[in-house]
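**Student:** Just one file: work_35.pdb, with PDB, C-alpha atoms.
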```pdb
MODEL        1
ATOM      1  CA  MET A 245      48.162  93.068  74.854
ATOM      2  CA  GLU A 246      45.509  94.292  72.482
ATOM      3  CA  THR A 247      45.820  94.417  68.715
ATOM      4  CA  ASN A 248      43.346  95.374  66.013
ATOM      5  CA  SER A 249      43.817  93.238  62.940
ATOM      6  CA  ASN A 250      40.821  94.801  61.232
ATOM      7  CA  SER A 251      42.415  98.206  60.853
ATOM      8  CA  ALA A 252      45.431  98.926  58.682
ATOM      9  CA  SER A 253      45.979 102.129  60.584
ATOM     10  CA  SER A 254      45.887 100.566  64.067
ATOM     11  CA  LYS A 255      48.650 101.613  66.428
ATOM     12  CA  PRO A 256      51.565  99.200  66.957
ATOM     13  CA  SER A 257      51.523  96.970  70.012
ATOM     14  CA  ALA A 258      54.174  97.121  72.702
ATOM     15  CA  SER A 259      55.695  93.930  71.317
ATOM     16  CA  SER A 260      56.035  95.350  67.795
ATOM     17  CA  LEU A 261      57.568  98.520  69.235
ATOM     18  CA  ARG A 262      60.141  96.422  71.085
ATOM     19  CA  TRP A 263      61.156  94.715  67.860
ATOM     20  CA  ARG A 264      61.320  98.059  66.083
ATOM     21  CA  ILE A 265      63.774  99.256  68.735
ATOM     22  CA  LEU A 266      65.731  96.005  68.378
ATOM     23  CA  SER A 267      66.045  96.396  64.607
ATOM     24  CA  ARG A 268      67.444  99.877  65.075
ATOM     25  CA  ALA A 269      69.950  98.556  67.620
ATOM     26  CA  VAL A 270      71.015  95.735  65.296
ATOM     27  CA  LEU A 271      71.524  98.180  62.442
ATOM     28  CA  HIS A 272      73.855 100.209  64.652
ATOM     29  CA  ARG A 273      75.887  97.133  65.538
ATOM     30  CA  ALA A 274      76.060  96.009  61.882
ATOM     31  CA  LYS A 275      77.947  99.138  60.805
ATOM     32  CA  ASN A 276      81.474  98.844  59.487
ATOM     33  CA  PRO A 277      83.929  98.826  62.421
ATOM     34  CA  GLU A 278      85.699 101.757  60.748
ATOM     35  CA  ASP A 279      82.602 103.852  61.499
ATOM     36  CA  GLU A 280      82.831 103.282  65.246
ATOM     37  CA  SER A 281      85.027 106.284  65.857
ATOM     38  CA  GLN A 282      82.455 108.491  64.126
ATOM     39  CA  LEU A 283      79.643 107.076  66.216
ATOM     40  CA  GLY A 284      81.626 107.717  69.412
ATOM     41  CA  MET A 285      79.492 109.164  72.140
ATOM     42  CA  LYS A 286      76.342 108.873  70.023
ATOM     43  CA  LEU A 287      76.361 105.140  70.669
ATOM     44  CA  ILE A 288      77.321 105.516  74.288
ATOM     45  CA  SER A 289      75.362 108.433  75.638
ATOM     46  CA  ARG A 290      72.187 110.390  75.001
ATOM     47  CA  LYS A 291      74.212 113.448  76.062
ATOM     48  CA  ALA A 292      75.689 113.647  72.571
ATOM     49  CA  ALA A 293      72.320 113.370  70.889
ATOM     50  CA  LYS A 294      69.177 114.839  72.409
ATOM     51  CA  GLY A 295      67.860 115.737  75.808
ATOM     52  CA  PHE A 296      67.569 118.631  78.215
ATOM     53  CA  ASN A 297      71.145 118.055  79.457
ATOM     54  CA  LEU A 298      70.383 119.407  82.909
ATOM     55  CA  ILE A 299      72.945 117.241  84.713
ATOM     56  CA  PRO A 300      76.478 117.359  83.246
ATOM     57  CA  CYS A 301      77.731 113.913  82.290
ATOM     58  CA  GLN A 302      81.230 112.697  81.447
ATOM     59  CA  LEU A 303      82.348 109.344  80.066
ATOM     60  CA  LEU A 304      84.735 107.677  82.508
ATOM     61  CA  ASN A 305      85.361 104.269  81.025
ATOM     62  CA  HIS A 306      84.278 102.196  78.049
ATOM     63  CA  ASP A 307      85.493  98.649  77.486
ATOM     64  CA  HIS A 308      85.077  98.127  73.734
ATOM     65  CA  GLU A 309      84.466  94.411  74.293
ATOM     66  CA  SER A 310      81.508  95.187  76.574
ATOM     67  CA  ARG A 311      78.069  96.673  75.940
ATOM     68  CA  ASP A 312      78.512  98.828  79.052
ATOM     69  CA  ALA A 313      80.131 102.145  79.821
ATOM     70  CA  GLN A 314      80.714 104.091  83.032
ATOM     71  CA  PHE A 315      79.646 107.725  83.412
ATOM     72  CA  CYS A 316      80.121 110.443  85.999
ATOM     73  CA  TYR A 317      77.109 112.713  86.649
ATOM     74  CA  THR A 318      77.925 116.065  88.260
ATOM     75  CA  LEU A 319      74.843 117.211  90.151
ATOM     76  CA  PRO A 320      74.467 120.971  89.522
ATOM     77  CA  THR A 321      74.146 122.034  93.161
ATOM     78  CA  GLN A 322      77.067 123.134  95.319
ATOM     79  CA  GLY A 323      78.196 120.506  97.789
ATOM     80  CA  CYS A 324      76.422 117.586  96.106
ATOM     81  CA  PRO A 325      78.432 114.424  95.410
ATOM     82  CA  LYS A 326      79.149 113.150  91.926
ATOM     83  CA  LEU A 327      77.360 109.959  90.889
ATOM     84  CA  VAL A 328      78.972 107.175  88.854
ATOM     85  CA  LEU A 329      76.598 105.014  86.819
ATOM     86  CA  THR A 330      77.234 101.974  84.667
ATOM     87  CA  GLN A 331      74.932 102.040  81.649
ATOM     88  CA  ARG A 332      74.315 100.022  78.514
ATOM     89  CA  LEU A 333      75.531 101.523  75.254
ATOM     90  CA  ASN A 334      72.626 103.204  73.495
ATOM     91  CA  ASN A 335      70.878 101.123  70.818
ATOM     92  CA  ASN A 336      72.928  98.043  71.707
ATOM     93  CA  ALA A 337      70.154  95.566  72.489
ATOM     94  CA  ASN A 338      70.247  91.972  71.316
ATOM     95  CA  LEU A 339      67.777  89.112  70.923
ATOM     96  CA  THR A 340      68.279  87.916  74.495
ATOM     97  CA  ASP A 341      67.127  91.292  75.822
ATOM     98  CA  PHE A 342      63.869  91.090  73.929
ATOM     99  CA  GLU A 343      63.279  87.437  74.792
ATOM    100  CA  ILE A 344      63.488  88.459  78.467
ATOM    101  CA  CYS A 345      61.031  91.296  77.857
ATOM    102  CA  ASN A 346      58.501  89.070  76.149
ATOM    103  CA  ARG A 347      58.878  86.387  78.824
ATOM    104  CA  HIS A 348      58.187  88.858  81.634
ATOM    105  CA  ASN A 349      55.719  91.038  79.666
ATOM    106  CA  ILE A 350      57.821  94.158  80.180
ATOM    107  CA  ASP A 351      59.313  96.733  77.836
ATOM    108  CA  ASN A 352      63.005  97.096  77.033
ATOM    109  CA  THR A 353      63.231 100.879  77.204
ATOM    110  CA  GLY A 354      65.249 100.778  80.435
ATOM    111  CA  THR A 355      68.304  99.230  78.734
ATOM    112  CA  VAL A 356      68.043 100.933  75.337
ATOM    113  CA  CYS A 357      69.127 104.314  76.720
ATOM    114  CA  GLN A 358      68.348 106.882  79.379
ATOM    115  CA  TRP A 359      65.358 108.989  78.420
ATOM    116  CA  PRO A 360      65.141 112.792  78.666
ATOM    117  CA  SER A 361      62.319 112.727  81.218
ATOM    118  CA  GLU A 362      64.612 110.960  83.709
ATOM    119  CA  ASP A 363      67.083 113.825  83.443
ATOM    120  CA  VAL A 364      64.192 116.222  84.165
ATOM    121  CA  LEU A 365      62.978 114.117  87.112
ATOM    122  CA  ALA A 366      66.439 113.951  88.685
ATOM    123  CA  TYR A 367      66.909 117.705  88.272
ATOM    124  CA  TYR A 368      63.477 118.445  89.742
ATOM    125  CA  CYS A 369      64.124 116.200  92.754
ATOM    126  CA  LEU A 370      67.473 117.878  93.321
ATOM    127  CA  SER A 371      65.735 121.275  93.262
ATOM    128  CA  HIS A 372      62.998 120.154  95.692
ATOM    129  CA  ALA A 373      65.018 118.175  98.213
ATOM    130  CA  ASP A 374      62.824 119.188 101.152
ATOM    131  CA  MET A 375      59.883 117.147  99.900
ATOM    132  CA  PHE A 376      61.897 113.934 100.359
ATOM    133  CA  ARG A 377      63.579 114.603 103.705
ATOM    134  CA  SER A 378      62.851 111.818 106.230
ATOM    135  CA  LYS A 379      60.438 110.192 103.736
ATOM    136  CA  ARG A 380      60.139 106.708 102.287
ATOM    137  CA  VAL A 381      60.502 106.990  98.517
ATOM    138  CA  ILE A 382      60.175 104.544  95.621
ATOM    139  CA  GLU A 383      61.046 105.121  91.984
ATOM    140  CA  LEU A 384      59.058 103.112  89.420
ATOM    141  CA  GLY A 385      60.467 102.079  86.039
ATOM    142  CA  SER A 386      63.764 103.585  87.070
ATOM    143  CA  GLY A 387      66.116 102.373  84.345
ATOM    144  CA  TYR A 388      69.683 102.857  85.541
ATOM    145  CA  GLY A 389      68.469 104.755  88.606
ATOM    146  CA  LEU A 390      69.708 108.315  88.077
ATOM    147  CA  ALA A 391      66.698 109.960  89.756
ATOM    148  CA  GLY A 392      66.542 107.523  92.672
ATOM    149  CA  LEU A 393      70.286 107.808  93.279
ATOM    150  CA  THR A 394      70.017 111.599  93.164
ATOM    151  CA  ILE A 395      67.289 111.522  95.818
ATOM    152  CA  ALA A 396      69.334 109.128  97.957
ATOM    153  CA  ALA A 397      72.492 111.215  97.730
ATOM    154  CA  THR A 398      71.072 114.712  98.238
ATOM    155  CA  THR A 399      67.764 114.822 100.167
ATOM    156  CA  GLU A 400      68.269 112.977 103.473
ATOM    157  CA  ALA A 401      65.374 110.665 102.652
ATOM    158  CA  LEU A 402      64.735 107.888 105.149
ATOM    159  CA  GLU A 403      64.653 105.174 102.488
ATOM    160  CA  VAL A 404      64.857 105.040  98.689
ATOM    161  CA  VAL A 405      63.741 101.958  96.755
ATOM    162  CA  ILE A 406      64.827 101.983  93.105
ATOM    163  CA  SER A 407      62.640  99.573  91.145
ATOM    164  CA  ASP A 408      62.151  98.190  87.660
ATOM    165  CA  GLY A 409      60.346  95.194  86.214
ATOM    166  CA  ASN A 410      63.258  94.140  84.019
ATOM    167  CA  PRO A 411      65.657  91.794  85.864
ATOM    168  CA  GLN A 412      68.576  92.983  83.702
ATOM    169  CA  VAL A 413      67.888  96.581  84.693
ATOM    170  CA  VAL A 414      67.709  95.628  88.371
ATOM    171  CA  ASP A 415      71.225  94.204  88.085
ATOM    172  CA  TYR A 416      72.433  97.597  86.839
ATOM    173  CA  ILE A 417      70.579  99.327  89.675
ATOM    174  CA  LEU A 418      72.246  97.091  92.280
ATOM    175  CA  HIS A 419      75.660  97.731  90.755
ATOM    176  CA  ASN A 420      75.075 101.496  90.702
ATOM    177  CA  ILE A 421      73.846 101.525  94.314
ATOM    178  CA  ASN A 422      76.983  99.694  95.435
ATOM    179  CA  THR A 423      79.226 102.026  93.422
ATOM    180  CA  ASN A 424      77.697 105.139  95.032
ATOM    181  CA  SER A 425      76.996 103.803  98.526
ATOM    182  CA  GLY A 426      79.372 106.266 100.149
ATOM    183  CA  ALA A 427      77.177 109.193  99.035
ATOM    184  CA  PHE A 428      73.973 108.128 100.798
ATOM    185  CA  GLY A 429      74.721 109.010 104.410
ATOM    186  CA  GLU A 430      72.031 107.521 106.673
ATOM    187  CA  THR A 431      69.579 106.932 103.810
ATOM    188  CA  ARG A 432      68.705 103.278 103.217
ATOM    189  CA  VAL A 433      68.887 102.458  99.498
ATOM    190  CA  LYS A 434      67.938  99.194  97.833
ATOM    191  CA  PRO A 435      66.990  97.824  94.411
ATOM    192  CA  MET A 436      63.716  96.031  93.758
ATOM    193  CA  LYS A 437      62.314  93.967  90.908
ATOM    194  CA  LEU A 438      58.719  95.158  90.718
ATOM    195  CA  HIS A 439      56.083  94.244  88.153
ATOM    196  CA  TRP A 440      53.271  96.762  88.029
ATOM    197  CA  ASN A 441      50.646  94.001  87.868
ATOM    198  CA  GLU A 442      51.489  92.720  91.355
ATOM    199  CA  LYS A 443      48.478  92.878  93.663
ATOM    200  CA  GLU A 444      50.512  92.711  96.867
ATOM    201  CA  VAL A 445      54.072  93.909  97.394
ATOM    202  CA  SER A 446      55.235  91.962 100.462
ATOM    203  CA  ASN A 447      55.194  94.422 103.354
ATOM    204  CA  LEU A 448      55.459  97.547 101.160
ATOM    205  CA  SER A 449      51.777  98.102 100.371
ATOM    206  CA  HIS A 450      50.554 101.588 101.366
ATOM    207  CA  THR A 451      53.886 102.527 102.975
ATOM    208  CA  PHE A 452      55.543 105.109 100.666
ATOM    209  CA  ASP A 453      55.356 108.827 101.273
ATOM    210  CA  VAL A 454      56.534 109.664  97.755
ATOM    211  CA  ILE A 455      56.513 107.779  94.449
ATOM    212  CA  VAL A 456      58.529 109.130  91.514
ATOM    213  CA  ALA A 457      58.545 108.014  87.879
ATOM    214  CA  SER A 458      59.553 109.376  84.493
ATOM    215  CA  ASP A 459      58.260 108.524  81.035
ATOM    216  CA  CYS A 460      56.356 105.460  82.237
ATOM    217  CA  THR A 461      53.080 106.105  80.361
ATOM    218  CA  PHE A 462      54.298 105.321  76.842
ATOM    219  CA  PHE A 463      52.698 101.861  76.445
ATOM    220  CA  LYS A 464      48.942 102.108  76.919
ATOM    221  CA  GLU A 465      48.572  98.412  77.753
ATOM    222  CA  PHE A 466      50.507  99.052  80.983
ATOM    223  CA  HIS A 467      48.373 102.018  82.103
ATOM    224  CA  LYS A 468      45.936 100.035  84.222
ATOM    225  CA  ASP A 469      48.681  98.174  86.079
ATOM    226  CA  LEU A 470      50.718 101.346  86.624
ATOM    227  CA  ALA A 471      47.710 103.165  88.083
ATOM    228  CA  GLN A 472      46.862 100.227  90.338
ATOM    229  CA  VAL A 473      50.397  99.838  91.681
ATOM    230  CA  THR A 474      50.541 103.581  92.327
ATOM    231  CA  GLU A 475      47.437 103.303  94.503
ATOM    232  CA  LEU A 476      48.851 100.189  96.169
ATOM    233  CA  LEU A 477      52.148 101.836  97.141
ATOM    234  CA  LEU A 478      50.946 105.273  98.283
ATOM    235  CA  LYS A 479      50.866 105.486 102.046
ATOM    236  CA  LYS A 480      47.591 105.503 103.914
ATOM    237  CA  PRO A 481      46.515 106.851 106.233
ATOM    238  CA  GLY A 482      48.475 110.080 106.086
ATOM    239  CA  PRO A 483      49.675 112.396 103.301
ATOM    240  CA  SER A 484      51.444 110.898 100.308
ATOM    241  CA  GLU A 485      51.898 111.712  96.636
ATOM    242  CA  ALA A 486      53.294 110.457  93.348
ATOM    243  CA  ILE A 487      55.424 112.691  91.121
ATOM    244  CA  PHE A 488      55.320 111.635  87.466
ATOM    245  CA  PHE A 489      57.032 113.323  84.532
ATOM    246  CA  SER A 490      55.682 112.397  81.119
ATOM    247  CA  PRO A 491      55.122 114.012  77.732
ATOM    248  CA  LYS A 492      51.512 114.191  76.589
ATOM    249  CA  ARG A 493      52.073 112.005  73.482
ATOM    250  CA  GLY A 494      48.678 112.358  71.848
ATOM    251  CA  ASN A 495      46.088 110.911  74.215
ATOM    252  CA  SER A 496      48.490 108.542  75.988
ATOM    253  CA  LEU A 497      48.875 110.607  79.157
ATOM    254  CA  ASP A 498      45.151 111.399  79.215
ATOM    255  CA  LYS A 499      44.325 107.690  79.023
ATOM    256  CA  PHE A 500      46.645 106.951  81.933
ATOM    257  CA  LEU A 501      45.041 109.677  84.029
ATOM    258  CA  GLU A 502      41.631 108.121  83.370
ATOM    259  CA  GLU A 503      42.987 104.977  85.048
ATOM    260  CA  ILE A 504      44.251 107.107  87.935
ATOM    261  CA  LYS A 505      40.736 108.481  88.448
ATOM    262  CA  ASP A 506      39.250 104.983  88.214
ATOM    263  CA  ASN A 507      41.505 103.989  91.139
ATOM    264  CA  GLY A 508      40.040 106.752  93.300
ATOM    265  CA  LEU A 509      43.084 109.017  93.095
ATOM    266  CA  LEU A 510      43.335 112.741  92.402
ATOM    267  CA  PHE A 511      45.814 114.446  90.082
ATOM    268  CA  SER A 512      47.026 117.836  88.893
ATOM    269  CA  ILE A 513      49.067 118.728  85.791
ATOM    270  CA  THR A 514      51.629 121.540  85.703
ATOM    271  CA  GLU A 515      53.211 122.709  82.472
ATOM    272  CA  ILE A 516      55.672 125.323  83.760
ATOM    273  CA  TYR A 517      57.267 123.889  86.907
ATOM    274  CA  ASP A 518      60.900 124.996  86.574
ATOM    275  CA  THR A 519      62.304 128.116  84.909
ATOM    276  CA  GLU A 520      65.464 126.459  83.561
ATOM    277  CA  ILE A 521      63.611 123.491  82.065
ATOM    278  CA  TRP A 522      60.987 125.768  80.505
ATOM    279  CA  ASN A 523      63.677 128.010  79.005
ATOM    280  CA  ARG A 524      65.390 125.032  77.401
ATOM    281  CA  HIS A 525      62.040 123.817  76.070
ATOM    282  CA  GLN A 526      61.455 127.203  74.448
ATOM    283  CA  GLN A 527      64.924 127.126  72.903
ATOM    284  CA  PHE A 528      64.148 123.762  71.302
ATOM    285  CA  MET A 529      60.785 125.042  70.073
ATOM    286  CA  ASN A 530      62.558 128.039  68.522
ATOM    287  CA  GLY A 531      64.887 125.897  66.459
ATOM    288  CA  ASP A 532      67.824 124.952  68.706
ATOM    289  CA  GLU A 533      69.476 122.285  66.554
ATOM    290  CA  SER A 534      70.885 120.307  69.496
ATOM    291  CA  TRP A 535      67.570 118.408  69.562
ATOM    292  CA  PRO A 536      66.482 117.814  65.951
ATOM    293  CA  GLY A 537      62.789 117.083  65.508
ATOM    294  CA  TYR A 538      61.841 118.355  68.950
ATOM    295  CA  GLU A 539      58.051 118.439  69.431
ATOM    296  CA  LYS A 540      56.338 119.603  72.588
ATOM    297  CA  ASP A 541      53.716 116.847  72.514
ATOM    298  CA  HIS A 542      56.286 114.041  72.376
ATOM    299  CA  CYS A 543      59.327 115.561  74.093
ATOM    300  CA  TYR A 544      58.367 118.017  76.837
ATOM    301  CA  PRO A 545      57.520 116.234  80.107
ATOM    302  CA  LEU A 546      54.562 117.558  82.053
ATOM    303  CA  LEU A 547      54.590 117.378  85.849
ATOM    304  CA  VAL A 548      51.766 115.167  87.147
ATOM    305  CA  ARG A 549      51.142 115.083  90.902
ATOM    306  CA  ILE A 550      48.914 112.261  92.167
ATOM    307  CA  THR A 551      47.356 112.136  95.625
ATOM    308  CA  ARG A 552      44.585 110.396  97.510
TER
ENDMDL
END
```
Once you've parsed the file, please lay out its structure as structure tokens.
**Tutor:**
Amino acid sequence: METNSNSASSKPSASSLRWRILSRAVLHRAKNPEDESQLGMKLISRKAAKGFNLIPCQLLNHDHESRDAQFCYTLPTQGCPKLVLTQRLNNNANLTDFEICNRHNIDNTGTVCQWPSEDVLAYYCLSHADMFRSKRVIELGSGYGLAGLTIAATTEALEVVISDGNPQVVDYILHNINTNSGAFGETRVKPMKLHWNEKEVSNLSHTFDVIVASDCTFFKEFHKDLAQVTELLLKKPGPSEAIFFSPKRGNSLDKFLEEIKDNGLLFSITEIYDTEIWNRHQQFMNGDESWPGYEKDHCYPLLVRITR
């Protein structure tokens, strides 16, 4: 990773950001046990804090001796199955988590919480099921796998691979696939540990009709690898595309798209891609207090479509 020791105003590296997230998690855990009841769902689920809240979510089970909780997601389309996901409590990371991240040169965002862009991605996929029917699909940087599981359960895709570079996250993905296996019909669903810097991916290179990802462009030092693995996985010959959702975040998204161009790929950006999501965005911009500090640049995910 790159750092600039000559500038006091240089941006933090991915490693320093990981430790910043860890310190916040440790502070949460250091609170007086009497405060736990007040934290409640805020510790367990983003649904009580901030997000677009497009897919209703209900806490099913929380073992207070565990860092995990079980949630039921009700997909907002008639006839769709409910999905049950086991997730880490928000802001409940420990030193072992970050040692694993530094060892594998990955970020820890997948176990810190679910991020709002994943909610948007899952909702978008549910609303555009036809684009996945009979297709081979892979989700990159999937976290707990909400979007990939939604595709598997509702679109009649041929195959869905739900991937992440963090081995801890992949364990959650496997567990969540097994929990929801009855919802997938004939769709093949499997987890995969995938580092974006891999130059060959066994027999999967150039075989996927659709790639999906949400909020994967945050760390600029991973841009080059993410662009390269996108090119590596997109099917050729034949039509294929990647669907990314990501906020602009200053020049972060622009920098990633420069890497996409350098890999010979084409892209388009759409700001208004769903009426419901856009309406909720406008509510937040107009002062809806359910998402304090909402800013378009950092919070509203743009739709990026990448093709050959």
**Student:** List, as a PyMOL selection string, every residue that the PyMOL selection byres ((chain A and resi 301-304) around 6) selects in the file provided.
**Tutor:** chain A and resi 300+305+314-317
**Student:** Please expand the PyMOL selection byres ((chain A and resi 499) around 12) into the concrete residues it hits in this file, giving the result as a list in words.
**Tutor:** Thr461, Phe462, Phe463, Lys464, Glu465, Phe466, His467, Lys468, Leu470, Ala471, Lys492, Arg493, Gly494, Asn495, Ser496, Leu497, Asp498, Phe500, Leu501, Glu502, Glu503, Ile504, Lys505 and Asp506 of chain A
**Student:** Can you write just those residues out, C-alpha atoms, as a CSV table (one decimal), in the coordinates of the input?
**Tutor:**
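File again02.csv, as written:
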```csv
chain,number,residue,atom,x,y,z
A,461,THR,CA,53.1,106.1,80.4
A,462,PHE,CA,54.3,105.3,76.8
A,463,PHE,CA,52.7,101.9,76.4
A,464,LYS,CA,48.9,102.1,76.9
A,465,GLU,CA,48.6,98.4,77.8
A,466,PHE,CA,50.5,99.1,81.0
A,467,HIS,CA,48.4,102.0,82.1
A,468,LYS,CA,45.9,100.0,84.2
A,470,LEU,CA,50.7,101.3,86.6
A,471,ALA,CA,47.7,103.2,88.1
A,492,LYS,CA,51.5,114.2,76.6
A,493,ARG,CA,52.1,112.0,73.5
A,494,GLY,CA,48.7,112.4,71.8
A,495,ASN,CA,46.1,110.9,74.2
A,496,SER,CA,48.5,108.5,76.0
A,497,LEU,CA,48.9,110.6,79.2
A,498,ASP,CA,45.2,111.4,79.2
A,500,PHE,CA,46.6,107.0,81.9
A,501,LEU,CA,45.0,109.7,84.0
A,502,GLU,CA,41.6,108.1,83.4
A,503,GLU,CA,43.0,105.0,85.0
A,504,ILE,CA,44.3,107.1,87.9
A,505,LYS,CA,40.7,108.5,88.4
A,506,ASP,CA,39.2,105.0,88.2
```
**Student:** Each residue of region 412-489 of chain A lying at most 12 Å from region 511-526 of chain A should get a row with its shortest atom-to-atom pair and the distance in Å to one decimal, counting only C-alpha atoms; could you produce that, ordered by chain and increasing number, as a Markdown table?
**Tutor:**
```
| residue | atom | partner | partner_atom | distance |
| --- | --- | --- | --- | --- |
| A:Ala471 | CA | A:Phe511 | CA | 11.6 |
| A:Glu485 | CA | A:Phe511 | CA | 9.4 |
| A:Ala486 | CA | A:Phe511 | CA | 9.1 |
| A:Ile487 | CA | A:Phe511 | CA | 9.8 |
| A:Phe488 | CA | A:Ile513 | CA | 9.6 |
| A:Phe489 | CA | A:Ile513 | CA | 9.7 |
```
**Student:** Kindly provide, as a VMD selection string, the polymer residues lying within 12 Å of (44.9, 110.4, 95.7), counting all atoms listed in the file and using the coordinates exactly as they appear in the file.
**Tutor:** chain A and resid 450 453 to 455 471 to 472 474 to 487 501 504 to 512 548 to 552
**Student:** Put those residues in a file: C-alpha atoms, as an mmCIF file, in the coordinates of the input.
**Tutor:**
```cif
data_model
loop_
_atom_site.group_PDB
_atom_site.id
_atom_site.type_symbol
_atom_site.label_atom_id
_atom_site.label_comp_id
_atom_site.auth_asym_id
_atom_site.auth_seq_id
_atom_site.Cartn_x
_atom_site.Cartn_y
_atom_site.Cartn_z
ATOM 1 C CA HIS A 450 50.554 101.588 101.366
ATOM 2 C CA ASP A 453 55.356 108.827 101.273
ATOM 3 C CA VAL A 454 56.534 109.664 97.755
ATOM 4 C CA ILE A 455 56.513 107.779 94.449
ATOM 5 C CA ALA A 471 47.710 103.165 88.083
ATOM 6 C CA GLN A 472 46.862 100.227 90.338
ATOM 7 C CA THR A 474 50.541 103.581 92.327
ATOM 8 C CA GLU A 475 47.437 103.303 94.503
ATOM 9 C CA LEU A 476 48.851 100.189 96.169
ATOM 10 C CA LEU A 477 52.148 101.836 97.141
ATOM 11 C CA LEU A 478 50.946 105.273 98.283
ATOM 12 C CA LYS A 479 50.866 105.486 102.046
ATOM 13 C CA LYS A 480 47.591 105.503 103.914
ATOM 14 C CA PRO A 481 46.515 106.851 106.233
ATOM 15 C CA GLY A 482 48.475 110.080 106.086
ATOM 16 C CA PRO A 483 49.675 112.396 103.301
ATOM 17 C CA SER A 484 51.444 110.898 100.308
ATOM 18 C CA GLU A 485 51.898 111.712 96.636
ATOM 19 C CA ALA A 486 53.294 110.457 93.348
ATOM 20 C CA ILE A 487 55.424 112.691 91.121
ATOM 21 C CA LEU A 501 45.041 109.677 84.029
ATOM 22 C CA ILE A 504 44.251 107.107 87.935
ATOM 23 C CA LYS A 505 40.736 108.481 88.448
ATOM 24 C CA ASP A 506 39.250 104.983 88.214
ATOM 25 C CA ASN A 507 41.505 103.989 91.139
ATOM 26 C CA GLY A 508 40.040 106.752 93.300
ATOM 27 C CA LEU A 509 43.084 109.017 93.095
ATOM 28 C CA LEU A 510 43.335 112.741 92.402
ATOM 29 C CA PHE A 511 45.814 114.446 90.082
ATOM 30 C CA SER A 512 47.026 117.836 88.893
ATOM 31 C CA VAL A 548 51.766 115.167 87.147
ATOM 32 C CA ARG A 549 51.142 115.083 90.902
ATOM 33 C CA ILE A 550 48.914 112.261 92.167
ATOM 34 C CA THR A 551 47.356 112.136 95.625
ATOM 35 C CA ARG A 552 44.585 110.396 97.510
#
```
**Student:** Taking the file as I've supplied it (selection: the PyMOL selection byres ((chain A and resi 540) around 8)), which residues are included? Please answer as number ranges by chain.
**Tutor:** A: 491, 525, 529, 538-539, 541-544
**Student:** Keeping only C-alpha atoms, write the selected residues as an mmCIF file, in the frame of the given file.
**Tutor:**
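Written output follows (out_21.cif):
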```
data_model
loop_
_atom_site.group_PDB
_atom_site.id
_atom_site.type_symbol
_atom_site.label_atom_id
_atom_site.label_comp_id
_atom_site.auth_asym_id
_atom_site.auth_seq_id
_atom_site.Cartn_x
_atom_site.Cartn_y
_atom_site.Cartn_z
ATOM 1 C CA PRO A 491 55.122 114.012 77.732
ATOM 2 C CA HIS A 525 62.040 123.817 76.070
ATOM 3 C CA MET A 529 60.785 125.042 70.073
ATOM 4 C CA TYR A 538 61.841 118.355 68.950
ATOM 5 C CA GLU A 539 58.051 118.439 69.431
ATOM 6 C CA ASP A 541 53.716 116.847 72.514
ATOM 7 C CA HIS A 542 56.286 114.041 72.376
ATOM 8 C CA CYS A 543 59.327 115.561 74.093
ATOM 9 C CA TYR A 544 58.367 118.017 76.837
#
```
**Student:** In terms of the shortest atom-to-atom distance over all atoms listed in the file, which of A:Glu309, A:Gln331, A:Val456, A:Tyr388 is closest to Met375 (chain A)?
**Tutor:**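 When distances to Met375 (chain A) are compared using all atoms listed in the file, the smallest one comes from A:Val456.
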**Student:** Measure the distance from CA of Ala366 (chain A) to CA of Thr321 (chain A) in Å and round it to one decimal.
**Tutor:**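 Computed distance, CA of Ala366 (chain A) to CA of Thr321 (chain A), equals 12.0 Å.
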**Student:** First collect every listed atom of region 427-434 of chain A; then fit an axis-aligned box around them, widen it by 3 Å on each side, and give centre and edge lengths in Å to one decimal, as JSON.
**Tutor:**
```
{"center_x": 72.6, "center_y": 104.2, "center_z": 102.3, "size_x": 15.2, "size_y": 16.0, "size_z": 14.8}
```
**Student:** Suppose you want the space between CA of Arg380 (chain A) and CA of Phe452 (chain A); what is it in Å?
**Tutor:**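 Pair CA of Arg380 (chain A) / CA of Phe452 (chain A) returns 5.1 Å.
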**Student:** Could you state the separation of CA of Gly389 (chain A) and CA of Tyr416 (chain A) in Å, given to one decimal place?
**Tutor:**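 For CA of Gly389 (chain A) relative to CA of Tyr416 (chain A), the distance reads 8.4 Å.
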**Student:** Which residues are near Pro320 (chain A)? Cut-off 8 Å, all atoms listed in the file, ignore same chain within fewer than 4 positions. Put them as number ranges by chain.
**Tutor:** A: 298-300, 324
**Student:** Atoms to include: C-alpha atoms. Write the selected residues as a PDB file, keeping the file's coordinate frame.
**Tutor:**
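Everything below was put into out-v5.pdb:
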```
ATOM      1  CA  LEU A 298      70.383 119.407  82.909  1.00  0.00           C
ATOM      2  CA  ILE A 299      72.945 117.241  84.713  1.00  0.00           C
ATOM      3  CA  PRO A 300      76.478 117.359  83.246  1.00  0.00           C
ATOM      4  CA  CYS A 324      76.422 117.586  96.106  1.00  0.00           C
TER       5      CYS A 324
END
```
**Student:** May I ask which of the residues A:Arg332, A:Leu327, A:Gln322, A:Glu400 is the closest one to Asp307 (chain A), counting all atoms listed in the file?
**Tutor:**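 The answer is A:Arg332, which sits nearest to Asp307 (chain A).
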**Student:** Using all atoms listed in the file, find the one residue out of A:Pro360, A:Val414, A:Asn441, A:Ala396 that sits nearest to Ala373 (chain A).
**Tutor:**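 Nearest candidate to Ala373 (chain A) out of A:Pro360, A:Val414, A:Asn441, A:Ala396: A:Ala396.
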**Student:** Near Pro325 (chain A), within 10 Å and counting all atoms listed in the file, which residues show up once chain neighbours fewer than 5 positions away are dropped, as a list in words?
**Tutor:** Tyr317, Thr318, Leu319, Pro320, Thr394, Ala397, Thr398, Asn424, Gly426, Ala427 and Phe428 of chain A
